[in-house]
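**Student:** Have a look at the structure that comes next, please.
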Amino acid sequence: MKLFNSMSRTKEEFVPITPGEVKMYSCGPTVYNYFHVGNARPFIIFDLLRRYFEYRGYKVTFVQNFTDIDDKVIGKANDEGVTYDVIAERYIKEYFTDAQGLGIAPATFHPRATDTMDAILDIVQRLLDKGHAYIAANGDVYFRTKTFPEYGKLSHQPLEDLQAGARISVGELKEDPMDFAVWKAAKPGEPAWDTPWGTKGRPGWHIECSAMANKYLGATIDIHSGGLDLTFPHHENEIAQSECANGCTFANYWLHNGFLTIDNQKMSKSAGNFFMVRDAAQAFGYETIRMFMLSAHYRTPLNYSEESLKMNKTSLERLYESRNNLEFRISKASGDTMTAEESEKLAALGGHKERFIAAMDDDLNTADALSAVFELVRDINAYTGAHQDATKAFLSAAHTLFMELAGVLNLVQQREDAGIDAEVEELIAKRAAAKKNKDFAEADRIRDYLLNEKGIAIKDTRQGTQWSRV
Ligand code: AMP
Ligand code: ZN
């Protein structure tokens with residue numbers, strides 16, 4: 001499998017540290033609000049990467065943090081007159097609601113900064129002991145950037161350029177403008193933690209990820225991921241801290257998703273041009289958002305528009321319709337062994353699976369993988385349409401193949417419009433009996449009742465009457 005490594009700026013063959021295992025870390029949300037569709041991109045993509053590794057037989061340990069203490073969380077808590085943990089708890093819960101809707105599985109570990117204080121204090125202390133960090137007069141602890149000559153290697157910026165752009169903000173007591181806070185001294189009224197070095201306070205954002213990756217995955221991890229905007233300074237700072245504290249490479253592969261845009265501008269809370277996942281889901285459905293996200297390769301910009309979401313909703317409906325048609329045919333068909341022609345056809349359909357895997361192996365090209373699924377479905381529909389006597393064995397095998405690939409993308413997994421509802425089945429049987437008795441008025445009455453009262457459309461096929469929700 002090839003992955004584009006931001007460090008080398010090339011697609012590289014993925015070679016895990018331990019054969020058959022993957023240790024991944026992805027930067028998670030700051031929990032002071034619902035997350036927007038832009039934030040959803042890394043959450044969906046890197047969960048999918050984990051899912052795909054598992055499909056290929058790897059054992060994956062996946063860590064995604066919650067930043068539950070920072071200026072924004074404290075600010076929101078002050079606005080509401082509650083403590084920071086009330087805000088964090090609320091939006092962590094809301095994160096899981098949206099994540100589940102979007103088909104994102106929980107990570108192996110979801111550490112919170114405030115629950116990882118031991119590991120944070122430990123790494124800060126190690127940096128202090130080695131002279132990579134220092135305690136400023138106001139109690140802040142800063143990373144001494146010039147002690148890490150490789151600083152800038154991920155964002156490919158020479159140190160001199162970074163130096164020229166660096167500033168010291170009001171209230172900061174840095175030795176050098178390039179230095180950054182790993183620990184912030186307590187301010188009156190803010191939550192604070194005791195430290196072995198004596199200055200009570202709270203962790204900086206960057207140190208949290210270094211500490212958590214170290215605690216849950218070890219000193220060197222396989223993959224570190226996040227949005228493109230995190231490359232500098234966040235990931236650069238994580239690298240400096242982790243590599244100075246541990247004396248080894250922090251992550252072998254750095255993956256960054258491109259921006260989700262709106263009117264071709266990055267969607268962001270600060271710019272105000274965002275849609276919460278919660279609201280977008282209300283309008284289009286969670287699964288449509290997932291489909292939309294997978295419709296482009298993760299490194300390309302992806303523009304959010306009503307038109308695009310509607311198109312994806314229609315595409316998704318096509319997949320559901322094909323699945324439901326297949327399931328209906330399976331329920332009516334017989335024949336436990338495929339004909340020779342069917343066996344040949346099934347082997348040909350396997351070509352779509354090969355293309356699907358080749359696309360996913362090529363730096364997780366979900367756009368091409370989705371095309372392979374659509375081609376598979378088109379071929380299945382064409383064949384089953386032309387072969388009304390297709391065996392149950394063939395229909396089931398085609399269904400299994402389709403669901404395997406859709407399952408890797410975690411699409412078409414909802415059951416609500418499939419399956420046979422007893423009441424509907426009974427009415428359909430009554431309608432069939434009415435038609436047989438030439439009581440067409442009664443047959444039409446049942447059809448209208450199903451449509452208007454139950455939201456169910458029926459279609460007469462050669463295998464019998466098929467129904468679907470409208
Ligand atoms: P935040 O909660 O702002 O730290 O963001 C959480 C994740 O969302 C990070 O990995 C960000 O890089 C990512 N992110 C934020 N905005 C966008 C966007 N417009 N497009 C893609 N990823 C984004
Ligand atoms: Zn991080």
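In the structure tokens, each chain is lettered A, B, ... as it comes, each chain's residues begin at 1, and ligands are numbered from 1 in order of appearance.
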For ligand 1, list the contacting residues at 6 Å or closer, counting only C-alpha atoms and all ligand atoms, as a ChimeraX atom specification.
**Tutor:** /A:27-30,38-39,41-42,226-230,258-261,266-268
**Student:** List all protein, DNA and RNA residues that have at least one atom no more than 8 Å from any atom of ligand 2, counting only C-alpha atoms and all ligand atoms, and write them as a list of chain:residue names.
**Tutor:**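 Listed by chain and ascending number, the contacts are A:Ser26, A:Cys27, A:Gly28, A:Asn65, A:Trp205, A:His206, A:Glu208, A:Cys209, A:Ser210, A:Gly226, A:Leu230, A:His234, A:His235, A:Glu238.
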**Student:** Here is a test: counting only C-alpha atoms, which residue of A:Gly218, A:Ala296, A:Ala192, A:Asp362 is nearest to A:Tyr52?
**Tutor:** A:Asp362
**Student:** Could you list, as a PyMOL selection string, every residue within 10 Å of A:Asp47, counting only C-alpha atoms and ignoring same-chain residues fewer than 3 positions away?
**Tutor:** chain A and resi 26+41-44+50-53+62+64+103-107
**Student:** Could you list, as a count of residues only, every residue within 12 Å of A:Asp279, counting only C-alpha atoms and ignoring same-chain residues fewer than 6 positions away?
**Tutor:** 8
